[in-house]
file my_file_32.cif (mmCIF, C-alpha atoms and all ligand atoms)
data_target
#
loop_
_atom_site.label_atom_id
_atom_site.label_comp_id
_atom_site.auth_asym_id
_atom_site.auth_seq_id
_atom_site.Cartn_x
_atom_site.Cartn_y
_atom_site.Cartn_z
CA MET A 1 -19.11 -5.56 -14.79
CA GLU A 2 -16.41 -7.97 -15.90
CA LYS A 3 -12.81 -7.64 -14.65
CA HIS A 4 -9.61 -9.63 -15.12
CA ILE A 5 -7.45 -9.96 -12.03
CA THR A 6 -3.94 -11.40 -12.06
CA VAL A 7 -3.42 -13.24 -8.79
CA ILE A 8 0.06 -13.64 -7.32
CA LYS A 9 -0.30 -15.64 -4.14
CA GLY A 10 3.47 -15.70 -3.62
CA ASP A 11 5.26 -17.34 -0.72
CA GLY A 12 4.79 -18.10 2.97
CA ILE A 13 1.31 -17.06 4.14
CA GLY A 14 0.61 -15.51 0.71
CA PRO A 15 -1.63 -18.33 -0.59
CA GLU A 16 -3.60 -18.52 2.69
CA ILE A 17 -4.43 -14.81 2.87
CA VAL A 18 -5.10 -14.35 -0.85
CA ASN A 19 -7.58 -17.25 -0.81
CA GLU A 20 -9.61 -15.39 1.82
CA ALA A 21 -9.57 -12.15 -0.20
CA ILE A 22 -10.87 -14.06 -3.24
CA LYS A 23 -13.63 -15.54 -1.10
CA VAL A 24 -14.75 -12.02 -0.20
CA LEU A 25 -14.46 -10.80 -3.80
CA GLU A 26 -16.61 -13.70 -4.96
CA ARG A 27 -19.31 -12.75 -2.46
CA ILE A 28 -19.26 -9.16 -3.79
CA ALA A 29 -19.39 -10.45 -7.38
CA GLU A 30 -22.39 -12.61 -6.56
CA LYS A 31 -24.22 -9.81 -4.78
CA HIS A 32 -23.61 -7.12 -7.41
CA HIS A 33 -23.66 -9.35 -10.52
CA HIS A 34 -20.03 -8.75 -11.44
CA THR A 35 -17.73 -11.37 -12.95
CA PHE A 36 -14.14 -11.47 -11.77
CA HIS A 37 -11.78 -13.67 -13.81
CA TYR A 38 -8.68 -14.74 -11.89
CA GLN A 39 -5.44 -15.70 -13.60
CA GLU A 40 -3.08 -17.23 -11.08
CA VAL A 41 0.64 -16.76 -11.84
CA LEU A 42 3.88 -17.43 -9.98
CA ALA A 43 6.21 -14.64 -8.84
CA GLY A 44 8.73 -14.41 -6.01
CA GLY A 45 10.39 -17.40 -4.38
CA CYS A 46 7.99 -19.97 -5.83
CA ALA A 47 8.82 -18.65 -9.31
CA ILE A 48 12.55 -19.05 -8.60
CA ASP A 49 11.82 -22.70 -7.79
CA ALA A 50 9.68 -23.18 -10.90
CA TYR A 51 11.46 -21.02 -13.52
CA GLY A 52 14.82 -20.03 -12.02
CA THR A 53 13.82 -16.36 -11.79
CA SER A 54 11.40 -14.41 -9.58
CA LEU A 55 9.60 -12.71 -12.47
CA THR A 56 9.30 -14.06 -16.01
CA ASP A 57 8.37 -11.93 -19.03
CA GLU A 58 5.14 -13.94 -19.38
CA VAL A 59 4.08 -13.19 -15.81
CA LEU A 60 4.86 -9.49 -16.20
CA GLN A 61 2.85 -9.44 -19.42
CA ALA A 62 -0.09 -11.12 -17.67
CA CYS A 63 0.04 -8.33 -15.04
CA ILE A 64 0.18 -5.61 -17.71
CA ASP A 65 -2.71 -7.15 -19.66
CA SER A 66 -5.06 -7.49 -16.68
CA ASP A 67 -7.27 -4.90 -14.98
CA SER A 68 -5.30 -5.23 -11.75
CA VAL A 69 -2.99 -7.44 -9.72
CA LEU A 70 -3.75 -8.93 -6.31
CA LEU A 71 -0.62 -9.96 -4.42
CA GLY A 72 -0.06 -11.86 -1.18
CA ALA A 73 3.63 -11.55 -0.31
CA VAL A 74 6.93 -12.85 -1.61
CA GLY A 75 10.19 -14.03 -0.09
CA GLY A 76 11.41 -16.19 2.75
CA PRO A 77 14.57 -17.72 4.21
CA LYS A 78 14.64 -20.41 1.53
CA TRP A 79 15.65 -17.78 -1.06
CA ASP A 80 17.83 -15.52 1.12
CA GLN A 81 21.03 -16.80 -0.50
CA VAL A 82 19.99 -16.60 -4.18
CA ASP A 83 21.76 -14.27 -6.56
CA PRO A 84 20.66 -10.64 -5.83
CA SER A 85 19.57 -10.19 -9.45
CA ILE A 86 16.78 -12.77 -9.06
CA ARG A 87 15.76 -12.24 -5.43
CA PRO A 88 12.02 -12.62 -4.69
CA GLU A 89 11.60 -8.87 -3.98
CA LYS A 90 12.97 -8.11 -7.45
CA ALA A 91 9.66 -9.40 -8.80
CA LEU A 92 7.79 -6.56 -7.11
CA LEU A 93 10.17 -3.90 -8.41
CA GLY A 94 9.89 -5.46 -11.87
CA ILE A 95 6.09 -5.37 -11.79
CA ARG A 96 5.97 -1.77 -10.48
CA LYS A 97 8.34 -0.65 -13.20
CA GLY A 98 6.78 -2.79 -15.96
CA MET A 99 3.26 -1.60 -15.15
CA GLY A 100 4.37 2.01 -14.59
CA LEU A 101 2.98 2.04 -11.04
CA TYR A 102 4.18 5.44 -9.88
CA ALA A 103 1.82 6.05 -6.94
CA ASN A 104 1.70 4.12 -3.70
CA LEU A 105 -1.36 4.66 -1.54
CA ARG A 106 -1.21 3.47 2.02
CA PRO A 107 -4.02 4.19 4.44
CA ALA A 108 -3.27 4.83 8.09
CA SER A 109 -6.50 4.42 9.93
CA ILE A 110 -7.30 2.92 13.24
CA LEU A 111 -10.41 0.92 13.90
CA LYS A 112 -11.86 2.05 17.20
CA GLN A 113 -12.22 -1.60 18.25
CA LEU A 114 -8.43 -1.94 18.06
CA ALA A 115 -7.44 1.49 19.38
CA HIS A 116 -5.61 -0.10 22.31
CA THR A 117 -3.09 -1.72 19.90
CA SER A 118 -1.68 1.71 18.93
CA PRO A 119 1.60 2.65 20.60
CA LEU A 120 0.33 6.23 20.86
CA ARG A 121 -1.29 7.74 23.97
CA LYS A 122 -5.02 7.10 24.26
CA ASP A 123 -5.96 10.81 24.19
CA ILE A 124 -4.13 11.17 20.86
CA VAL A 125 -5.72 8.03 19.36
CA ASP A 126 -9.15 9.14 20.58
CA GLN A 127 -8.96 12.19 18.31
CA GLY A 128 -9.01 9.75 15.38
CA ILE A 129 -6.40 8.47 12.93
CA ASP A 130 -7.57 8.30 9.35
CA PHE A 131 -5.28 9.49 6.60
CA MET A 132 -3.71 8.33 3.35
CA VAL A 133 -0.04 8.52 2.46
CA VAL A 134 0.44 9.00 -1.30
CA ARG A 135 4.06 8.17 -2.09
CA GLU A 136 5.84 8.68 -5.42
CA LEU A 137 7.16 5.21 -6.21
CA ILE A 138 9.42 5.08 -9.25
CA SER A 139 11.72 8.10 -9.13
CA GLY A 140 13.83 10.08 -6.67
CA VAL A 141 16.99 8.94 -4.94
CA TYR A 142 16.19 5.22 -5.16
CA PHE A 143 16.26 5.41 -8.95
CA GLY A 144 19.01 8.01 -9.55
CA ASP A 145 22.59 7.15 -10.54
CA LYS A 146 24.70 5.63 -7.78
CA LYS A 147 28.42 5.28 -7.45
CA THR A 148 31.11 4.52 -4.92
CA TYR A 149 34.61 5.72 -5.74
CA GLU A 150 37.92 6.58 -4.17
CA GLU A 151 39.03 10.15 -3.55
CA ASN A 152 42.00 11.34 -1.48
CA ASN A 153 42.61 7.80 -0.24
CA GLU A 154 39.11 7.25 1.09
CA LEU A 155 35.88 5.82 -0.24
CA VAL A 156 33.12 8.19 -1.31
CA ALA A 157 29.55 7.17 -2.14
CA CYS A 158 27.03 9.21 -4.07
CA ASP A 159 23.29 8.71 -4.78
CA GLN A 160 21.64 11.11 -7.16
CA MET A 161 18.17 12.39 -6.26
CA ILE A 162 16.33 13.40 -9.37
CA TYR A 163 12.76 14.52 -10.08
CA ARG A 164 11.25 15.51 -13.39
CA GLU A 165 8.31 17.88 -13.67
CA HIS A 166 6.00 15.24 -15.17
CA GLU A 167 6.80 12.79 -12.36
CA ILE A 168 5.72 15.35 -9.75
CA ARG A 169 2.70 16.49 -11.74
CA ARG A 170 1.18 13.01 -12.10
CA ILE A 171 1.59 12.07 -8.42
CA ALA A 172 0.13 15.46 -7.42
CA HIS A 173 -2.95 14.67 -9.53
CA THR A 174 -3.24 11.30 -7.75
CA ALA A 175 -3.11 13.07 -4.39
CA PHE A 176 -5.74 15.69 -5.25
CA GLN A 177 -8.04 13.08 -6.77
CA THR A 178 -7.62 10.92 -3.68
CA ALA A 179 -8.43 13.90 -1.46
CA ARG A 180 -11.60 14.52 -3.45
CA LYS A 181 -12.81 11.06 -2.40
CA ARG A 182 -11.93 11.89 1.23
CA ASN A 183 -11.89 15.12 3.26
CA LYS A 184 -10.39 17.38 0.58
CA HIS A 185 -7.16 18.36 2.31
CA VAL A 186 -3.70 17.61 0.89
CA ILE A 187 -0.51 18.16 2.88
CA SER A 188 2.51 18.10 0.58
CA VAL A 189 5.68 17.04 2.38
CA ASP A 190 9.14 18.12 1.23
CA LYS A 191 12.45 19.58 2.38
CA ALA A 192 12.21 22.77 0.36
CA ASN A 193 14.46 24.69 2.77
CA VAL A 194 17.39 22.53 1.64
CA LEU A 195 16.74 20.52 -1.55
CA ASP A 196 16.28 21.67 -5.14
CA THR A 197 14.15 18.61 -5.88
CA SER A 198 11.85 19.72 -3.05
CA ARG A 199 11.62 23.29 -4.35
CA LEU A 200 10.58 21.94 -7.77
CA TRP A 201 8.20 19.55 -6.01
CA ARG A 202 6.52 22.42 -4.15
CA LYS A 203 6.23 24.59 -7.28
CA ILE A 204 4.59 21.85 -9.37
CA VAL A 205 2.25 20.67 -6.59
CA HIS A 206 1.00 24.26 -6.22
CA GLU A 207 0.49 24.53 -9.98
CA VAL A 208 -1.55 21.32 -10.04
CA ALA A 209 -3.56 22.55 -7.04
CA GLN A 210 -5.05 25.29 -9.26
CA GLU A 211 -7.02 22.54 -11.01
CA TYR A 212 -8.55 21.43 -7.70
CA PRO A 213 -9.99 24.59 -6.10
CA ASP A 214 -12.23 22.44 -3.90
CA VAL A 215 -9.18 20.79 -2.24
CA GLU A 216 -7.14 22.64 0.40
CA LEU A 217 -3.34 22.40 0.07
CA SER A 218 -0.68 23.02 2.71
CA ASP A 219 3.06 22.33 2.77
CA MET A 220 4.98 20.67 5.58
CA LEU A 221 8.69 19.97 5.98
CA VAL A 222 9.46 16.27 6.28
CA ASP A 223 11.10 16.49 9.71
CA ASN A 224 8.08 18.32 11.08
CA CYS A 225 5.76 15.76 9.43
CA ALA A 226 7.56 12.88 11.15
CA MET A 227 6.85 14.62 14.48
CA GLN A 228 3.27 15.58 13.68
CA ILE A 229 2.34 11.98 12.76
CA VAL A 230 2.94 10.91 16.36
CA LYS A 231 1.88 14.19 18.00
CA ASN A 232 -1.33 15.04 16.19
CA PRO A 233 -2.23 12.47 13.49
CA ALA A 234 -5.85 13.68 13.42
CA GLN A 235 -4.77 16.74 11.38
CA PHE A 236 -3.94 14.64 8.29
CA ASP A 237 -6.22 13.66 5.43
CA VAL A 238 -3.93 13.07 2.41
CA VAL A 239 -0.13 13.30 2.68
CA VAL A 240 1.71 13.42 -0.65
CA THR A 241 5.46 13.08 -0.83
CA GLU A 242 8.45 11.86 -2.81
CA ASN A 243 9.79 8.31 -2.80
CA MET A 244 12.25 8.16 0.11
CA PHE A 245 10.31 10.48 2.44
CA GLY A 246 7.19 8.43 1.63
CA ASP A 247 8.95 5.14 2.33
CA ILE A 248 9.81 6.30 5.84
CA LEU A 249 6.63 8.23 6.65
CA SER A 250 4.29 5.48 5.42
CA ASP A 251 5.98 2.94 7.72
CA GLU A 252 5.72 5.37 10.61
CA ALA A 253 2.05 5.97 9.78
CA SER A 254 1.37 2.22 9.62
CA MET A 255 2.95 1.58 12.98
CA ILE A 256 0.82 4.10 14.86
CA THR A 257 -2.24 2.10 13.82
CA GLY A 258 -1.05 -0.94 15.75
CA SER A 259 -1.20 -4.18 13.82
CA ILE A 260 0.78 -5.13 10.72
CA GLY A 261 -1.79 -7.71 9.61
CA LEU A 262 -4.53 -5.17 9.01
CA ILE A 263 -3.06 -2.67 6.60
CA PRO A 264 -3.47 -2.70 2.82
CA SER A 265 -1.54 -0.88 0.14
CA ALA A 266 -2.20 0.08 -3.47
CA SER A 267 0.31 0.90 -6.20
CA LEU A 268 -1.31 2.77 -9.09
CA GLY A 269 -0.33 3.78 -12.58
CA GLU A 270 -2.02 5.44 -15.54
CA SER A 271 -5.54 4.37 -16.52
CA ASN A 272 -6.46 2.96 -13.12
CA THR A 273 -4.36 -0.21 -13.33
CA GLY A 274 -2.85 -1.21 -10.03
CA MET A 275 -1.25 -3.76 -7.76
CA TYR A 276 -2.89 -4.39 -4.38
CA GLU A 277 -1.29 -6.11 -1.42
CA PRO A 278 -1.07 -6.11 2.37
CA ILE A 279 1.90 -4.17 3.77
CA HIS A 280 3.36 -7.13 5.62
CA GLY A 281 5.70 -9.79 4.28
CA SER A 282 5.33 -13.53 3.79
CA ALA A 283 5.56 -14.30 7.55
CA PRO A 284 7.42 -17.60 7.11
CA ASP A 285 7.27 -18.17 10.88
CA ILE A 286 3.51 -18.82 10.73
CA ALA A 287 3.11 -20.06 7.14
CA GLY A 288 0.99 -23.16 6.56
CA GLN A 289 -0.68 -22.99 9.99
CA ASN A 290 -3.91 -21.25 8.94
CA ILE A 291 -3.43 -18.60 11.64
CA ALA A 292 -2.40 -15.55 9.58
CA ASN A 293 -4.56 -12.45 9.66
CA PRO A 294 -6.15 -12.07 6.20
CA ILE A 295 -7.67 -8.63 6.89
CA GLY A 296 -4.85 -6.59 5.29
CA THR A 297 -5.28 -8.57 2.07
CA ILE A 298 -9.07 -8.37 2.21
CA LEU A 299 -8.84 -4.58 2.62
CA ALA A 300 -6.35 -4.52 -0.28
CA ALA A 301 -9.03 -6.20 -2.40
CA ALA A 302 -11.45 -3.51 -1.20
CA MET A 303 -9.00 -0.83 -2.36
CA MET A 304 -8.80 -2.57 -5.73
CA LEU A 305 -12.55 -2.24 -6.14
CA LYS A 306 -12.47 1.46 -5.25
CA TYR A 307 -9.38 2.65 -7.09
CA SER A 308 -9.13 0.35 -10.13
CA PHE A 309 -12.72 -0.74 -10.76
CA ASP A 310 -14.65 2.35 -9.64
CA MET A 311 -16.76 0.19 -7.32
CA ALA A 312 -16.83 2.46 -4.27
CA GLU A 313 -20.05 1.03 -2.85
CA GLU A 314 -18.79 -2.55 -3.07
CA SER A 315 -15.47 -1.50 -1.55
CA ASP A 316 -17.21 0.20 1.37
CA GLU A 317 -19.26 -2.94 1.97
CA ILE A 318 -16.08 -4.95 2.52
CA THR A 319 -14.65 -2.34 4.88
CA ALA A 320 -17.93 -2.23 6.80
CA ALA A 321 -17.99 -6.04 7.07
CA VAL A 322 -14.44 -6.03 8.49
CA ASN A 323 -15.43 -3.38 11.05
CA GLU A 324 -18.55 -5.29 12.07
CA VAL A 325 -16.68 -8.58 12.47
CA LEU A 326 -14.13 -6.87 14.73
CA SER A 327 -16.89 -5.08 16.65
CA ALA A 328 -18.58 -8.43 17.20
CA GLY A 329 -15.39 -9.59 18.95
CA TYR A 330 -13.84 -11.93 16.36
CA ARG A 331 -10.04 -11.90 16.17
CA THR A 332 -7.17 -13.79 14.61
CA VAL A 333 -4.41 -14.78 17.04
CA ASP A 334 -2.14 -11.76 16.28
CA ILE A 335 -4.78 -9.31 17.57
CA MET A 336 -6.44 -11.63 20.10
CA GLU A 337 -7.59 -10.11 23.39
CA GLU A 338 -9.56 -11.24 26.40
CA GLY A 339 -13.27 -11.72 25.87
CA CYS A 340 -12.93 -12.15 22.10
CA GLU A 341 -13.38 -15.29 19.99
CA GLN A 342 -10.29 -16.53 18.18
CA LEU A 343 -10.65 -17.51 14.52
CA THR A 344 -8.29 -19.15 12.07
CA CYS A 345 -7.32 -17.41 8.83
CA SER A 346 -9.99 -19.21 6.81
CA GLN A 347 -12.63 -18.76 9.51
CA MET A 348 -11.93 -15.01 9.48
CA GLY A 349 -12.41 -14.98 5.69
CA ASP A 350 -15.68 -16.90 6.07
CA LYS A 351 -16.87 -14.59 8.83
CA ILE A 352 -16.20 -11.39 6.86
CA THR A 353 -17.85 -12.94 3.79
CA SER A 354 -20.92 -13.80 5.85
CA TYR A 355 -21.20 -10.18 7.06
CA ILE A 356 -21.64 -8.94 3.46
CA LYS A 357 -25.38 -9.23 3.44
P1 LIG B 401 6.81 -10.08 7.90
O1 LIG B 401 5.90 -8.92 7.68
O2 LIG B 401 6.64 -11.22 6.99
O3 LIG B 401 6.62 -10.62 9.40
C1 LIG B 401 6.91 -9.81 10.55
C2 LIG B 401 6.14 -10.40 11.76
O4 LIG B 401 4.76 -10.08 11.61
C3 LIG B 401 6.24 -11.92 11.86
O5 LIG B 401 6.27 -12.27 13.21
C4 LIG B 401 4.95 -12.40 11.24
O6 LIG B 401 4.50 -13.64 11.74
C5 LIG B 401 3.99 -11.28 11.58
N1 LIG B 401 2.95 -11.13 10.54
C6 LIG B 401 3.12 -10.59 9.30
N2 LIG B 401 1.98 -10.65 8.62
C7 LIG B 401 1.07 -11.22 9.43
C8 LIG B 401 -0.30 -11.55 9.28
N3 LIG B 401 -0.99 -11.31 8.15
N4 LIG B 401 -0.93 -12.14 10.31
C9 LIG B 401 -0.29 -12.39 11.46
N5 LIG B 401 1.01 -12.09 11.67
C10 LIG B 401 1.68 -11.51 10.65
O7 LIG B 401 8.29 -9.51 7.83
P2 LIG B 401 9.68 -10.33 7.81
O8 LIG B 401 9.60 -11.49 8.73
O9 LIG B 401 10.70 -9.30 8.00
O10 LIG B 401 9.81 -10.85 6.32
C11 LIG B 401 9.53 -12.18 5.90
C12 LIG B 401 9.75 -12.28 4.41
O11 LIG B 401 8.82 -11.45 3.73
C13 LIG B 401 11.15 -11.82 3.99
O12 LIG B 401 11.62 -12.69 3.00
C14 LIG B 401 10.90 -10.44 3.42
O13 LIG B 401 11.84 -10.10 2.44
C15 LIG B 401 9.53 -10.61 2.81
N6 LIG B 401 8.76 -9.38 2.63
C16 LIG B 401 7.94 -9.32 1.56
C17 LIG B 401 7.13 -8.20 1.37
C18 LIG B 401 6.21 -8.19 0.18
O14 LIG B 401 6.02 -9.22 -0.43
N7 LIG B 401 5.63 -7.07 -0.15
C19 LIG B 401 7.15 -7.17 2.28
C20 LIG B 401 7.97 -7.27 3.41
C21 LIG B 401 8.78 -8.38 3.58
#
call {"tool": "encode", "arguments": {"input": "my_file_32.cif", "output": "structure tokens", "more": "lines below"}}
Ligand code: NAD
result
Amino acid sequence: MEKHITVIKGDGIGPEIVNEAIKVLERIAEKHHHTFHYQEVLAGGCAIDAYGTSLTDEVLQACIDSDSVLLGAVGGPKWDQVDPSIRPEKALLGIRKGMGLYANLRPASILKQLAHTSPLRKDIVDQGIDFMVVRELISGVYFGDKKTYEENNELVACDQMIYREHEIRRIAHTAFQTARKRNKHVISVDKANVLDTSRLWRKIVHEVAQEYPDVELSDMLVDNCAMQIVKNPAQFDVVVTENMFGDILSDEASMITGSIGLIPSASLGESNTGMYEPIHGSAPDIAGQNIANPIGTILAAAMMLKYSFDMAEESDEITAAVNEVLSAGYRTVDIMEEGCEQLTCSQMGDKITSYIK
């Protein structure tokens, strides 16, 4: 198979970690006789330096025209003072919007080799943590009208939360299809006891569920979900929720797994296009030292194979290689522990590549 990947290495540790993910992709391509074409483009802080803006029309078009986008991370102190309209993070919002990426998939799973890094009690972790948060990404309160005005001699602020039927329907399909590739259980999270948007959410999700009789659906209120994630995370398979609830719950879910350097994320739109990245930022404090953990980015590349290229077997091979490398006691410095061997960023990429037999 032949695929075109737009590569945005970005800022800080971005280039270091993306290089390792490409190394692993090239090993997969060689083994399975695929050809991956990489088009490297600038977005984020480095694009501000080069073009005066974090995302040019040409770069956005390259993303839209490709089969998927692989991203490192953008931003850093160098660009903290730039005009808000061209900030590095604006590039990501621009790409999500321009590519119509309405679904964010973030796995929360804990590798048993790293179970001790979880802040949760051991008996809870031992029951297993392996679920996927499916978050609606381009609607809801973050995208509704906003205003701040004066009333009765005081300031009043207002953010509109809005959901349209089709926006709920398409993310519900993503959730049920994701569940079909997992353990076939969707928990839909809302605040239907208070919000109209949540009542519509619940109605539409249940309608869509009729098309997936093989997938079990339950509802959960968002406040209860926040508690259940730390109390009994083993009960979750796929959690689907609206934008703001998903923003908060996916961060909570990531944190119970322990290390920020290990977690990937996928943003998906129609027709399987997507943007894949680790959840962490550009880590300017360790940039250029070859010590960053590339595993989150490597697992993001694995998600790209599964969700955008329909290469589940190849994807699973990468995940298995990561697990085996960790089981064999290799660590980058951020997850280093006694008795393990410490590797640099590039050595970790080499090691994982070498485990794809
Ligand atoms: P960060 O995630 O970059 O770093 C937080 C801490 O985690 C740092 O100590 C860092 O060294 C460490 N860390 C992060 N990734 C690591 C890795 N792969 N291996 C080892 N250690 C790792 O968060 P921050 O410091 O708040 O943000 C730095 C910059 O990144 C800011 O400009 C921020 O806006 C930007 N940012 C970008 C994205 C993105 O591109 N998607 C996401 C979050 C933050």
call {"tool": "atom_distance", "arguments": {"input": "my_file_32.cif", "atom1": "atom CA of A:Asn104", "atom2": "atom CA of A:Leu305"}}
result
15.8 Å
call {"tool": "residues_around", "arguments": {"input": "my_file_32.cif", "residues": "A:Asp190", "least_positions_apart": "4", "cutoff": "7 Å", "atoms": "all atoms listed in the file", "output": "list in words"}}
result
Ser198, Met220, Leu221, Val222 and Thr241 of chain A
call {"tool": "write_last_selection", "arguments": {"input": "my_file_32.cif", "atoms": "C-alpha atoms", "output": "PDB file, in the coordinates of the input"}}
result
ATOM      1  CA  SER A 198      11.850  19.720  -3.050  1.00  0.00           C
ATOM      2  CA  MET A 220       4.980  20.670   5.580  1.00  0.00           C
ATOM      3  CA  LEU A 221       8.690  19.970   5.980  1.00  0.00           C
ATOM      4  CA  VAL A 222       9.460  16.270   6.280  1.00  0.00           C
ATOM      5  CA  THR A 241       5.460  13.080  -0.830  1.00  0.00           C
TER       6      THR A 241
END
call {"tool": "atom_distance", "arguments": {"input": "my_file_32.cif", "atom1": "atom CA of A:Ala226", "atom2": "atom CA of A:Asn243"}}
result
14.8 Å
call {"tool": "residues_near_ligand", "arguments": {"input": "my_file_32.cif", "ligand": "ligand LIG 401 (chain B)", "cutoff": "6 Å", "atoms": "only C-alpha atoms and all ligand atoms", "output": "PyMOL selection string"}}
result
chain A and resi 73-77+261+280-286+292-294+334
call {"tool": "atom_distance", "arguments": {"input": "my_file_32.cif", "atom1": "atom CA of A:Ile138", "atom2": "atom CA of A:Leu105"}}
result
13.3 Å
call {"tool": "residues_around", "arguments": {"input": "my_file_32.cif", "residues": "A:Lys97", "least_positions_apart": "2", "cutoff": "12 Å", "atoms": "only C-alpha atoms", "output": "list in words"}}
result
Leu60, Cys63, Ile64, Lys90, Ala91, Leu92, Leu93, Gly94, Ile95, Met99, Gly100, Leu101, Tyr102, Ala103, Leu137, Ile138, Ser139, Phe143, Ser267, Leu268, Gly269, Gly274 and Met275 of chain A
call {"tool": "closest_residue", "arguments": {"input": "my_file_32.cif", "among": "A:Lys112, A:Arg180, A:His37, A:Arg96", "to": "A:Thr273", "atoms": "all atoms listed in the file"}}
result
A:Arg96
call {"tool": "closest_residue", "arguments": {"input": "my_file_32.cif", "among": "A:Gly72, A:Pro213, A:Gly52, A:Gly144", "to": "A:Glu16", "atoms": "all atoms listed in the file"}}
result
A:Gly72
call {"tool": "closest_residue", "arguments": {"input": "my_file_32.cif", "among": "A:Cys46, A:Val156, A:Val208, A:Val125", "to": "A:Ala234", "atoms": "all atoms listed in the file"}}
result
A:Val125
